[in-house]
>>> print(open('input_32.txt').read())   # compact mmCIF, C-alpha atoms and all ligand atoms
# COMPACT_ATOMS: atom_id res chain seq x y z
CA MET G 1 -29.82 38.52 6.25
CA ARG G 2 -32.94 37.50 4.42
CA HIS G 3 -35.32 34.52 4.87
CA LEU G 4 -38.12 33.19 2.68
CA MET G 5 -41.30 32.44 4.61
CA ASN G 6 -43.96 33.48 2.12
CA PRO G 7 -43.87 34.07 -1.65
CA LEU G 8 -44.85 37.69 -0.93
CA ASP G 9 -41.51 38.22 0.84
CA PHE G 10 -40.17 38.98 -2.66
CA SER G 11 -41.55 41.86 -4.71
CA VAL G 12 -42.74 41.18 -8.27
CA GLU G 13 -39.52 42.80 -9.56
CA GLU G 14 -37.38 40.60 -7.30
CA LEU G 15 -39.26 37.54 -8.50
CA ASP G 16 -38.63 38.57 -12.12
CA ARG G 17 -34.90 38.75 -11.36
CA LEU G 18 -35.03 35.37 -9.61
CA PHE G 19 -36.83 33.76 -12.56
CA ASP G 20 -34.42 35.37 -15.05
CA LEU G 21 -31.57 33.85 -13.06
CA ALA G 22 -33.30 30.44 -12.98
CA ASN G 23 -33.70 30.57 -16.76
CA ARG G 24 -30.01 31.47 -17.16
CA ILE G 25 -29.09 28.52 -14.95
CA GLU G 26 -31.33 26.27 -17.07
CA LYS G 27 -29.56 27.37 -20.26
CA ASP G 28 -25.99 27.26 -18.93
CA PRO G 29 -25.72 25.13 -15.76
CA ALA G 30 -21.93 24.75 -16.11
CA ARG G 31 -21.50 28.47 -15.45
CA TYR G 32 -22.92 27.99 -11.93
CA ALA G 33 -21.22 24.67 -11.09
CA HIS G 34 -18.84 26.25 -8.54
CA ALA G 35 -20.89 29.25 -7.43
CA CYS G 36 -21.40 27.74 -3.93
CA ASP G 37 -18.03 26.05 -3.47
CA GLY G 38 -17.39 25.79 0.29
CA LYS G 39 -21.02 26.52 1.24
CA LYS G 40 -23.35 24.14 3.07
CA LEU G 41 -27.13 23.75 2.95
CA ALA G 42 -28.95 22.12 5.88
CA THR G 43 -32.26 20.41 5.11
CA CYS G 44 -34.30 20.06 8.32
CA PHE G 45 -37.40 18.10 7.40
CA TYR G 46 -39.81 17.26 10.21
CA GLU G 47 -42.34 15.97 7.67
CA PRO G 48 -41.98 13.58 4.69
CA SER G 49 -40.84 14.93 1.33
CA THR G 50 -39.36 13.69 -1.92
CA ARG G 51 -39.29 16.67 -4.29
CA THR G 52 -38.67 19.59 -1.98
CA ARG G 53 -35.88 18.05 0.05
CA LEU G 54 -34.13 16.31 -2.81
CA SER G 55 -34.48 19.25 -5.20
CA PHE G 56 -32.95 21.54 -2.55
CA GLU G 57 -30.11 19.09 -2.11
CA ALA G 58 -29.67 18.69 -5.89
CA ALA G 59 -29.71 22.49 -6.22
CA MET G 60 -26.89 22.95 -3.70
CA LEU G 61 -24.86 20.07 -5.15
CA ASN G 62 -25.33 21.52 -8.67
CA LEU G 63 -23.88 24.78 -7.34
CA GLY G 64 -20.79 23.04 -5.97
CA GLY G 65 -21.89 23.21 -2.34
CA GLN G 66 -22.52 20.46 0.18
CA VAL G 67 -25.59 19.30 2.09
CA LEU G 68 -26.38 17.94 5.54
CA GLY G 69 -29.58 17.46 7.49
CA PHE G 70 -32.32 15.11 8.56
CA SER G 71 -35.39 13.85 6.75
CA ASP G 72 -37.39 12.68 9.73
CA ALA G 73 -38.07 14.37 13.06
CA ALA G 74 -37.70 10.99 14.77
CA SER G 75 -34.03 10.84 13.77
CA SER G 76 -33.31 14.33 15.14
CA SER G 77 -33.24 15.59 18.73
CA ALA G 78 -36.80 16.84 18.23
CA ALA G 79 -37.63 13.30 19.33
CA LYS G 80 -36.02 14.17 22.71
CA GLY G 81 -38.01 17.38 22.97
CA GLU G 82 -35.59 19.93 21.48
CA SER G 83 -37.32 23.10 20.30
CA VAL G 84 -37.08 24.44 16.73
CA SER G 85 -35.48 27.61 18.17
CA ASP G 86 -32.66 25.65 19.80
CA THR G 87 -32.21 23.42 16.75
CA ILE G 88 -31.74 26.34 14.37
CA ARG G 89 -29.17 27.95 16.69
CA ILE G 90 -27.19 24.74 16.44
CA ILE G 91 -27.70 24.37 12.67
CA SER G 92 -26.44 27.96 12.30
CA CYS G 93 -23.06 26.71 13.58
CA TYR G 94 -22.93 23.97 10.95
CA ALA G 95 -24.39 25.40 7.72
CA ASP G 96 -24.72 28.61 5.67
CA ILE G 97 -28.42 28.28 4.79
CA CYS G 98 -31.31 26.08 5.92
CA ALA G 99 -34.47 24.73 4.27
CA MET G 100 -37.04 23.66 6.86
CA ARG G 101 -40.28 21.72 6.52
CA HIS G 102 -42.51 21.33 9.57
CA PRO G 103 -46.05 20.09 10.19
CA LYS G 104 -46.75 23.07 12.50
CA GLU G 105 -47.76 26.31 10.82
CA GLY G 106 -45.29 29.06 11.60
CA ALA G 107 -42.46 26.77 12.82
CA PRO G 108 -39.99 27.97 10.11
CA MET G 109 -40.82 31.57 11.12
CA VAL G 110 -40.00 30.77 14.76
CA ALA G 111 -36.72 29.29 13.52
CA ALA G 112 -35.95 32.36 11.38
CA GLU G 113 -36.32 34.63 14.42
CA ARG G 114 -33.48 32.80 16.24
CA SER G 115 -31.37 31.88 13.23
CA GLY G 116 -27.89 33.08 12.31
CA ILE G 117 -28.37 31.91 8.69
CA PRO G 118 -31.09 32.38 6.05
CA VAL G 119 -34.06 30.06 6.62
CA ILE G 120 -36.32 28.92 3.79
CA ASN G 121 -39.82 27.70 4.59
CA ALA G 122 -40.05 24.39 2.74
CA GLY G 123 -43.70 23.92 3.75
CA ASP G 124 -45.39 24.54 7.11
CA GLY G 125 -48.58 22.58 7.84
CA GLY G 126 -51.52 23.74 5.75
CA HIS G 127 -50.13 27.28 5.65
CA GLN G 128 -47.52 28.13 2.97
CA HIS G 129 -45.15 26.39 0.57
CA PRO G 130 -43.27 29.33 -0.99
CA THR G 131 -40.65 27.39 -2.95
CA GLN G 132 -43.39 25.30 -4.57
CA THR G 133 -45.01 28.58 -5.57
CA LEU G 134 -41.73 29.84 -7.03
CA THR G 135 -41.57 26.56 -8.95
CA ASP G 136 -45.15 26.98 -10.19
CA LEU G 137 -44.60 30.58 -11.26
CA LEU G 138 -41.35 29.78 -13.06
CA THR G 139 -43.05 26.88 -14.87
CA ILE G 140 -45.96 29.07 -15.97
CA ARG G 141 -43.70 31.96 -17.00
CA SER G 142 -41.31 29.70 -18.90
CA LEU G 143 -43.98 27.68 -20.73
CA LYS G 144 -46.67 30.34 -21.25
CA GLY G 145 -44.33 33.28 -21.65
CA ARG G 146 -46.25 35.41 -19.15
CA LEU G 147 -47.55 35.64 -15.60
CA GLY G 148 -50.96 37.17 -16.05
CA SER G 149 -53.92 37.31 -18.46
CA PHE G 150 -55.20 33.82 -17.83
CA THR G 151 -57.95 31.78 -16.23
CA ILE G 152 -56.59 29.27 -13.76
CA GLY G 153 -58.57 26.37 -12.32
CA LEU G 154 -57.39 25.03 -8.96
CA CYS G 155 -58.82 21.60 -8.30
CA GLY G 156 -58.95 19.22 -5.34
CA ASP G 157 -58.11 19.99 -1.73
CA LEU G 158 -58.36 23.76 -1.63
CA LYS G 159 -58.98 23.83 2.12
CA PHE G 160 -55.79 22.25 3.45
CA GLY G 161 -53.60 22.65 0.35
CA ARG G 162 -50.71 24.94 1.27
CA THR G 163 -49.49 24.95 -2.35
CA VAL G 164 -52.85 26.37 -3.42
CA HIS G 165 -52.91 29.04 -0.71
CA SER G 166 -49.37 30.17 -1.57
CA LEU G 167 -50.05 30.20 -5.31
CA ILE G 168 -53.25 32.27 -5.03
CA ASN G 169 -51.45 34.79 -2.82
CA ALA G 170 -48.65 35.09 -5.35
CA LEU G 171 -50.86 35.31 -8.45
CA ILE G 172 -53.05 38.14 -7.23
CA ARG G 173 -50.14 40.53 -7.81
CA TYR G 174 -50.36 39.95 -11.58
CA THR G 175 -52.99 41.46 -13.86
CA ASP G 176 -56.07 39.97 -15.51
CA ILE G 177 -56.21 36.70 -13.59
CA ARG G 178 -59.47 34.85 -13.06
CA PHE G 179 -59.66 31.99 -10.58
CA ILE G 180 -61.97 28.99 -10.80
CA PHE G 181 -61.97 26.95 -7.58
CA ILE G 182 -63.01 23.35 -8.20
CA SER G 183 -63.63 21.36 -5.03
CA PRO G 184 -66.23 19.43 -3.07
CA ALA G 185 -67.99 21.58 -0.45
CA GLU G 186 -65.90 19.99 2.35
CA LEU G 187 -62.61 21.09 0.76
CA LYS G 188 -63.54 24.60 -0.36
CA VAL G 189 -60.93 27.33 -0.41
CA PRO G 190 -60.96 29.12 3.00
CA ASP G 191 -63.20 32.16 3.42
CA TYR G 192 -60.24 34.43 4.19
CA ILE G 193 -59.04 33.85 0.62
CA THR G 194 -62.39 34.45 -1.10
CA ASP G 195 -62.95 37.51 1.13
CA MET G 196 -59.55 38.86 0.09
CA LEU G 197 -60.34 38.29 -3.62
CA THR G 198 -63.70 40.04 -3.24
CA GLU G 199 -62.04 42.98 -1.50
CA LYS G 200 -59.49 43.30 -4.30
CA ASN G 201 -62.09 42.89 -7.06
CA ILE G 202 -60.35 39.80 -8.44
CA PRO G 203 -62.83 37.55 -10.27
CA TYR G 204 -63.37 34.02 -9.00
CA GLU G 205 -65.94 31.25 -9.25
CA GLU G 206 -66.46 28.14 -7.16
CA VAL G 207 -67.65 24.97 -8.92
CA ILE G 208 -67.91 21.34 -7.94
CA ARG G 209 -67.55 19.57 -11.32
CA LEU G 210 -64.28 19.82 -13.23
CA GLU G 211 -66.15 19.20 -16.50
CA ASP G 212 -68.15 22.41 -16.00
CA CYS G 213 -65.14 24.68 -16.45
CA MET G 214 -62.56 22.70 -18.43
CA PRO G 215 -63.05 24.55 -21.78
CA ASP G 216 -62.48 27.94 -20.05
CA LEU G 217 -59.11 27.14 -18.50
CA ASP G 218 -55.64 28.28 -19.60
CA LEU G 219 -54.08 26.50 -16.61
CA LEU G 220 -55.34 23.62 -14.51
CA TYR G 221 -53.61 23.15 -11.14
CA MET G 222 -54.51 19.72 -9.78
CA THR G 223 -53.89 18.81 -6.15
CA ARG G 224 -53.99 15.69 -4.04
CA VAL G 225 -56.54 15.14 -1.29
CA GLN G 226 -54.09 15.01 1.61
CA LYS G 227 -54.70 12.07 3.91
CA GLU G 228 -52.36 13.52 6.53
CA ARG G 229 -54.53 16.64 7.02
CA PHE G 230 -57.78 14.75 7.75
CA PHE G 231 -59.03 14.14 11.26
CA ASN G 232 -60.91 10.99 10.34
CA GLU G 233 -60.33 8.21 7.83
CA GLU G 234 -63.99 8.05 6.76
CA ASP G 235 -63.98 11.61 5.35
CA TYR G 236 -60.70 10.98 3.55
CA VAL G 237 -61.99 7.76 1.93
CA ARG G 238 -65.19 9.53 0.82
CA LEU G 239 -63.32 12.43 -0.84
CA LYS G 240 -60.01 10.99 -2.05
CA ASP G 241 -61.18 10.01 -5.54
CA PHE G 242 -63.60 12.90 -6.04
CA TYR G 243 -61.55 14.15 -9.03
CA ILE G 244 -59.75 11.98 -11.52
CA LEU G 245 -58.42 13.80 -14.58
CA ASP G 246 -58.43 11.38 -17.50
CA LYS G 247 -58.15 11.65 -21.28
CA THR G 248 -61.90 12.02 -21.73
CA LYS G 249 -62.10 15.02 -19.40
CA LEU G 250 -58.94 16.54 -20.88
CA SER G 251 -60.39 16.30 -24.40
CA ALA G 252 -62.66 19.26 -23.56
CA ALA G 253 -59.67 21.49 -22.69
CA LYS G 254 -57.93 24.09 -24.85
CA GLY G 255 -55.06 22.76 -26.97
CA ASP G 256 -52.56 24.97 -25.13
CA MET G 257 -53.90 24.56 -21.60
CA LEU G 258 -51.23 23.41 -19.14
CA VAL G 259 -51.87 20.82 -16.45
CA LEU G 260 -49.75 21.45 -13.35
CA HIS G 261 -49.54 19.49 -10.11
CA PRO G 262 -47.15 20.06 -7.20
CA LEU G 263 -46.97 16.24 -6.81
CA PRO G 264 -47.05 13.69 -5.30
CA ARG G 265 -50.20 12.51 -7.07
CA VAL G 266 -52.28 9.62 -5.92
CA ASN G 267 -55.30 8.99 -8.19
CA GLU G 268 -56.29 12.51 -9.20
CA ILE G 269 -54.49 12.39 -12.55
CA SER G 270 -54.73 9.18 -14.50
CA VAL G 271 -51.32 8.00 -15.80
CA GLU G 272 -52.83 7.96 -19.32
CA VAL G 273 -52.65 11.79 -19.20
CA ASP G 274 -48.87 11.82 -18.60
CA ASP G 275 -47.97 11.63 -22.30
CA ASP G 276 -50.27 14.50 -23.28
CA PRO G 277 -48.11 17.54 -24.18
CA ARG G 278 -50.31 19.66 -21.91
CA ALA G 279 -49.26 17.61 -18.86
CA VAL G 280 -46.25 19.52 -17.54
CA TYR G 281 -46.05 18.32 -13.92
CA PHE G 282 -42.79 16.43 -14.40
CA LYS G 283 -41.21 19.42 -16.17
CA GLN G 284 -42.48 21.50 -13.25
CA ALA G 285 -40.41 19.36 -10.84
CA GLN G 286 -37.32 20.08 -12.98
CA TYR G 287 -38.02 23.83 -12.83
CA GLY G 288 -38.07 23.36 -9.05
CA VAL G 289 -34.34 22.62 -9.12
CA TYR G 290 -33.50 25.71 -11.21
CA VAL G 291 -35.55 28.04 -9.05
CA ARG G 292 -34.07 26.64 -5.82
CA MET G 293 -30.58 27.12 -7.26
CA ALA G 294 -31.49 30.73 -8.02
CA LEU G 295 -32.97 31.17 -4.54
CA ILE G 296 -29.89 29.78 -2.75
CA LEU G 297 -27.64 32.15 -4.73
CA THR G 298 -29.93 35.09 -4.03
CA LEU G 299 -30.27 34.49 -0.27
CA LEU G 300 -26.54 33.89 0.09
CA GLY G 301 -25.90 37.12 -1.80
CA ILE G 302 -23.64 35.39 -4.29
CA GLU G 303 -22.95 37.42 -7.42
CA ASN G 304 -24.46 35.75 -10.46
N1 LIG M 401 -44.44 19.24 -4.02
C1 LIG M 401 -43.91 18.82 -2.85
O1 LIG M 401 -43.82 19.55 -1.88
O2 LIG M 401 -43.51 17.51 -2.86
P1 LIG M 401 -42.81 16.78 -1.62
O3 LIG M 401 -43.82 16.69 -0.52
O4 LIG M 401 -42.40 15.43 -2.16
O5 LIG M 401 -41.64 17.61 -1.22
>>> encode(input="input_32.txt", output="structure tokens")
Amino acid sequence: MRHLMNPLDFSVEELDRLFDLANRIEKDPARYAHACDGKKLATCFYEPSTRTRLSFEAAMLNLGGQVLGFSDAASSSAAKGESVSDTIRIISCYADICAMRHPKEGAPMVAAERSGIPVINAGDGGHQHPTQTLTDLLTIRSLKGRLGSFTIGLCGDLKFGRTVHSLINALIRYTDIRFIFISPAELKVPDYITDMLTEKNIPYEEVIRLEDCMPDLDLLYMTRVQKERFFNEEDYVRLKDFYILDKTKLSAAKGDMLVLHPLPRVNEISVEVDDDPRAVYFKQAQYGVYVRMALILTLLGIEN
């Protein structure tokens, strides 16, 4: 039995196979419409979500399976003090596979250790968000035609952003990638990441102004300043609108640069950018369904 806790749980070759499958699903969804007949996915979400939970549920429904679960810890027996370990032992009696989001880092891993079914980390605190990373990689591979040989700017909350941490970890396995980290000093990417890049001789720069690097970028990965990760409201209010990507800033970018965002956005991308062909964040959410379909099939060991 296999779980997904971290994007690195899959080798580069396994990811290639997963993305090939996702692209086949995209081209011919009818072929997979009954691949999970009789199977059930449990979504155990102890933290709010729109995309991850609903795209997992859409993925299983698209495959002919069924879904059950909870979207709020308060409506589960966690509110009565039940542990994640006990909950997953129960869920293992009800479902064939489980996607779990939890505010505590490592909680899905604790669940995986006691689980009788595959567990997918659907985001744990500020730690990892592997299925968002699979979504990001599939989007880049599908729209750029490659995973490598580019300069990627990651902008916004690089300190608490689990999507950013997961994506950097995944991208360092590809060749000729240069990172530009764009953040205020308070939201800098953690030292353990820059130390790891230095150790591996992977080029990176840290800048504060988005305008200073826009013409260099092949990919711009915008992120939200996450209110829920701040300890005080004052710091959040001071930093929340630090970056706002608008048409004027985007005019300095390459014609084929892609703007990605894991979403939800708040103010960091002006809605006037949405119609620009370089803005691919809504397409990215659609790729999230295909890749989660491919992941469910892979972890259930269903021939495809
Ligand atoms: N990208 C993402 O994780 O969105 P949700 O929080 O809505 O699931």
>>> residues_around(input="input_32.txt", residues="Ile172 (chain G)", least_positions_apart="6", cutoff="10 Å", atoms="only C-alpha atoms", output="PyMOL selection string")
chain G and resi 148+178-179+196-197+200+202
>>> atom_distance(input="input_32.txt", atom1="CA of Gly125 (chain G)", atom2="CA of Gln226 (chain G)")
11.2 Å
>>> closest_residue(input="input_32.txt", among="G:Val237, G:Cys213, G:Ala35, G:Leu143", to="Leu250 (chain G)", atoms="only C-alpha atoms")
G:Cys213
>>> closest_residue(input="input_32.txt", among="G:His102, G:Arg146, G:Arg2, G:Lys188", to="ligand LIG 401 (chain M)", atoms="all atoms listed in the file")
G:His102
>>> axis_aligned_box(input="input_32.txt", around="ligand LIG 401 (chain M)", padding_each_side="6 Å", output="JSON")
{"center_x": -43.0, "center_y": 17.5, "center_z": -2.3, "size_x": 14.8, "size_y": 16.1, "size_z": 15.5}
>>> closest_atom_pairs(input="input_32.txt", of="chain G", to="ligand LIG 401 (chain M)", cutoff="6 Å", atoms="only C-alpha atoms and all ligand atoms", output="CSV")
residue,atom,partner,partner_atom,distance
G:Ser49,CA,M:LIG401,O5,3.8
G:Thr50,CA,M:LIG401,O4,3.5
G:Arg51,CA,M:LIG401,O4,4.0
G:Thr52,CA,M:LIG401,O5,3.6
G:Arg53,CA,M:LIG401,O5,5.9
G:Pro262,CA,M:LIG401,N1,4.3
G:Leu263,CA,M:LIG401,N1,4.8
G:Pro264,CA,M:LIG401,O2,5.8
>>> closest_residue(input="input_32.txt", among="G:Gly123, G:Gly81, G:Gly156, G:Gly69", to="Met5 (chain G)", atoms="only C-alpha atoms")
G:Gly123
>>> atom_distance(input="input_32.txt", atom1="CA of Leu171 (chain G)", atom2="CA of Thr133 (chain G)")
9.4 Å
>>> residues_around(input="input_32.txt", residues="Val110 (chain G)", least_positions_apart="3", cutoff="10 Å", atoms="all atoms listed in the file", output="PyMOL selection string")
chain G and resi 83-85+88+105-107+113-115
>>> closest_residue(input="input_32.txt", among="G:Glu211, G:Asp9, G:Asp195, G:Asp275", to="Ser166 (chain G)", atoms="all atoms listed in the file")
G:Asp9
>>> residues_around(input="input_32.txt", residues="Met100 (chain G)", least_positions_apart="4", cutoff="8 Å", atoms="only C-alpha atoms", output="PyMOL selection string")
chain G and resi 43-46+108+119-123
>>> atom_distance(input="input_32.txt", atom1="CA of Ala22 (chain G)", atom2="CA of Asp157 (chain G)")
29.2 Å
>>> closest_residue(input="input_32.txt", among="G:Ala111, G:Leu210, G:Leu137, G:Leu158", to="Asp191 (chain G)", atoms="all atoms listed in the file")
G:Leu158
>>> decode(input="input_32.txt", residues="region 55-78 of chain G", atoms="N, CA, C and O atoms", output="PDB file, in the first residue's frame")
ATOM      1  N   SER G  55     -12.127  19.145  -5.849  1.00  0.00           N
ATOM      2  CA  SER G  55     -11.495  18.513  -7.025  1.00  0.00           C
ATOM      3  C   SER G  55     -11.221  17.036  -6.749  1.00  0.00           C
ATOM      4  O   SER G  55     -11.314  16.205  -7.655  1.00  0.00           O
ATOM      5  N   PHE G  56     -10.913  16.680  -5.490  1.00  0.00           N
ATOM      6  CA  PHE G  56     -10.791  15.253  -5.158  1.00  0.00           C
ATOM      7  C   PHE G  56     -12.137  14.558  -5.345  1.00  0.00           C
ATOM      8  O   PHE G  56     -12.215  13.451  -5.888  1.00  0.00           O
ATOM      9  N   GLU G  57     -13.181  15.211  -4.866  1.00  0.00           N
ATOM     10  CA  GLU G  57     -14.505  14.584  -4.975  1.00  0.00           C
ATOM     11  C   GLU G  57     -14.917  14.482  -6.441  1.00  0.00           C
ATOM     12  O   GLU G  57     -15.423  13.436  -6.887  1.00  0.00           O
ATOM     13  N   ALA G  58     -14.683  15.560  -7.211  1.00  0.00           N
ATOM     14  CA  ALA G  58     -15.003  15.522  -8.650  1.00  0.00           C
ATOM     15  C   ALA G  58     -14.205  14.417  -9.326  1.00  0.00           C
ATOM     16  O   ALA G  58     -14.725  13.679 -10.183  1.00  0.00           O
ATOM     17  N   ALA G  59     -12.930  14.283  -8.932  1.00  0.00           N
ATOM     18  CA  ALA G  59     -12.062  13.266  -9.548  1.00  0.00           C
ATOM     19  C   ALA G  59     -12.659  11.874  -9.331  1.00  0.00           C
ATOM     20  O   ALA G  59     -12.782  11.077 -10.279  1.00  0.00           O
ATOM     21  N   MET G  60     -13.034  11.559  -8.085  1.00  0.00           N
ATOM     22  CA  MET G  60     -13.580  10.226  -7.808  1.00  0.00           C
ATOM     23  C   MET G  60     -14.922  10.029  -8.509  1.00  0.00           C
ATOM     24  O   MET G  60     -15.189   8.954  -9.065  1.00  0.00           O
ATOM     25  N   LEU G  61     -15.764  11.055  -8.514  1.00  0.00           N
ATOM     26  CA  LEU G  61     -17.061  10.929  -9.200  1.00  0.00           C
ATOM     27  C   LEU G  61     -16.842  10.735 -10.711  1.00  0.00           C
ATOM     28  O   LEU G  61     -17.515   9.919 -11.343  1.00  0.00           O
ATOM     29  N   ASN G  62     -15.867  11.465 -11.276  1.00  0.00           N
ATOM     30  CA  ASN G  62     -15.569  11.308 -12.715  1.00  0.00           C
ATOM     31  C   ASN G  62     -15.110   9.889 -13.049  1.00  0.00           C
ATOM     32  O   ASN G  62     -15.249   9.432 -14.182  1.00  0.00           O
ATOM     33  N   LEU G  63     -14.531   9.219 -12.039  1.00  0.00           N
ATOM     34  CA  LEU G  63     -14.033   7.851 -12.258  1.00  0.00           C
ATOM     35  C   LEU G  63     -15.101   6.792 -11.945  1.00  0.00           C
ATOM     36  O   LEU G  63     -14.824   5.602 -11.988  1.00  0.00           O
ATOM     37  N   GLY G  64     -16.290   7.251 -11.603  1.00  0.00           N
ATOM     38  CA  GLY G  64     -17.385   6.302 -11.342  1.00  0.00           C
ATOM     39  C   GLY G  64     -17.485   5.875  -9.897  1.00  0.00           C
ATOM     40  O   GLY G  64     -18.354   5.069  -9.547  1.00  0.00           O
ATOM     41  N   GLY G  65     -16.598   6.408  -9.044  1.00  0.00           N
ATOM     42  CA  GLY G  65     -16.628   6.043  -7.635  1.00  0.00           C
ATOM     43  C   GLY G  65     -17.558   6.935  -6.834  1.00  0.00           C
ATOM     44  O   GLY G  65     -18.267   7.783  -7.390  1.00  0.00           O
ATOM     45  N   GLN G  66     -17.531   6.742  -5.515  1.00  0.00           N
ATOM     46  CA  GLN G  66     -18.382   7.548  -4.637  1.00  0.00           C
ATOM     47  C   GLN G  66     -17.531   8.231  -3.568  1.00  0.00           C
ATOM     48  O   GLN G  66     -16.368   7.840  -3.357  1.00  0.00           O
ATOM     49  N   VAL G  67     -18.117   9.241  -2.924  1.00  0.00           N
ATOM     50  CA  VAL G  67     -17.342  10.013  -1.949  1.00  0.00           C
ATOM     51  C   VAL G  67     -18.112  10.149  -0.640  1.00  0.00           C
ATOM     52  O   VAL G  67     -19.347  10.158  -0.631  1.00  0.00           O
ATOM     53  N   LEU G  68     -17.371  10.237   0.456  1.00  0.00           N
ATOM     54  CA  LEU G  68     -17.945  10.518   1.762  1.00  0.00           C
ATOM     55  C   LEU G  68     -16.905  11.316   2.525  1.00  0.00           C
ATOM     56  O   LEU G  68     -15.748  11.396   2.088  1.00  0.00           O
ATOM     57  N   GLY G  69     -17.309  11.925   3.654  1.00  0.00           N
ATOM     58  CA  GLY G  69     -16.305  12.645   4.416  1.00  0.00           C
ATOM     59  C   GLY G  69     -16.872  13.814   5.178  1.00  0.00           C
ATOM     60  O   GLY G  69     -18.087  13.968   5.284  1.00  0.00           O
ATOM     61  N   PHE G  70     -15.943  14.619   5.701  1.00  0.00           N
ATOM     62  CA  PHE G  70     -16.360  15.837   6.406  1.00  0.00           C
ATOM     63  C   PHE G  70     -15.465  16.982   5.957  1.00  0.00           C
ATOM     64  O   PHE G  70     -14.321  16.782   5.555  1.00  0.00           O
ATOM     65  N   SER G  71     -16.044  18.194   6.032  1.00  0.00           N
ATOM     66  CA  SER G  71     -15.314  19.362   5.528  1.00  0.00           C
ATOM     67  C   SER G  71     -14.946  20.313   6.665  1.00  0.00           C
ATOM     68  O   SER G  71     -14.465  21.411   6.416  1.00  0.00           O
ATOM     69  N   ASP G  72     -15.187  19.872   7.887  1.00  0.00           N
ATOM     70  CA  ASP G  72     -14.984  20.767   9.015  1.00  0.00           C
ATOM     71  C   ASP G  72     -14.737  19.895  10.252  1.00  0.00           C
ATOM     72  O   ASP G  72     -15.562  19.032  10.569  1.00  0.00           O
ATOM     73  N   ALA G  73     -13.634  20.127  10.929  1.00  0.00           N
ATOM     74  CA  ALA G  73     -13.331  19.319  12.117  1.00  0.00           C
ATOM     75  C   ALA G  73     -14.472  19.373  13.134  1.00  0.00           C
ATOM     76  O   ALA G  73     -14.758  18.388  13.818  1.00  0.00           O
ATOM     77  N   ALA G  74     -15.137  20.522  13.196  1.00  0.00           N
ATOM     78  CA  ALA G  74     -16.196  20.702  14.201  1.00  0.00           C
ATOM     79  C   ALA G  74     -17.377  19.763  13.969  1.00  0.00           C
ATOM     80  O   ALA G  74     -18.127  19.475  14.900  1.00  0.00           O
ATOM     81  N   SER G  75     -17.532  19.280  12.729  1.00  0.00           N
ATOM     82  CA  SER G  75     -18.653  18.371  12.466  1.00  0.00           C
ATOM     83  C   SER G  75     -18.209  16.907  12.533  1.00  0.00           C
ATOM     84  O   SER G  75     -18.969  16.000  12.194  1.00  0.00           O
ATOM     85  N   SER G  76     -16.967  16.673  12.934  1.00  0.00           N
ATOM     86  CA  SER G  76     -16.469  15.296  13.080  1.00  0.00           C
ATOM     87  C   SER G  76     -16.221  15.037  14.570  1.00  0.00           C
ATOM     88  O   SER G  76     -16.296  15.957  15.389  1.00  0.00           O
ATOM     89  N   SER G  77     -15.875  13.806  14.914  1.00  0.00           N
ATOM     90  CA  SER G  77     -15.633  13.497  16.328  1.00  0.00           C
ATOM     91  C   SER G  77     -14.298  14.035  16.830  1.00  0.00           C
ATOM     92  O   SER G  77     -13.962  13.849  18.012  1.00  0.00           O
ATOM     93  N   ALA G  78     -13.553  14.718  15.952  1.00  0.00           N
ATOM     94  CA  ALA G  78     -12.374  15.462  16.431  1.00  0.00           C
ATOM     95  C   ALA G  78     -12.830  16.479  17.470  1.00  0.00           C
ATOM     96  O   ALA G  78     -12.109  16.774  18.434  1.00  0.00           O
TER      97      ALA G  78
END
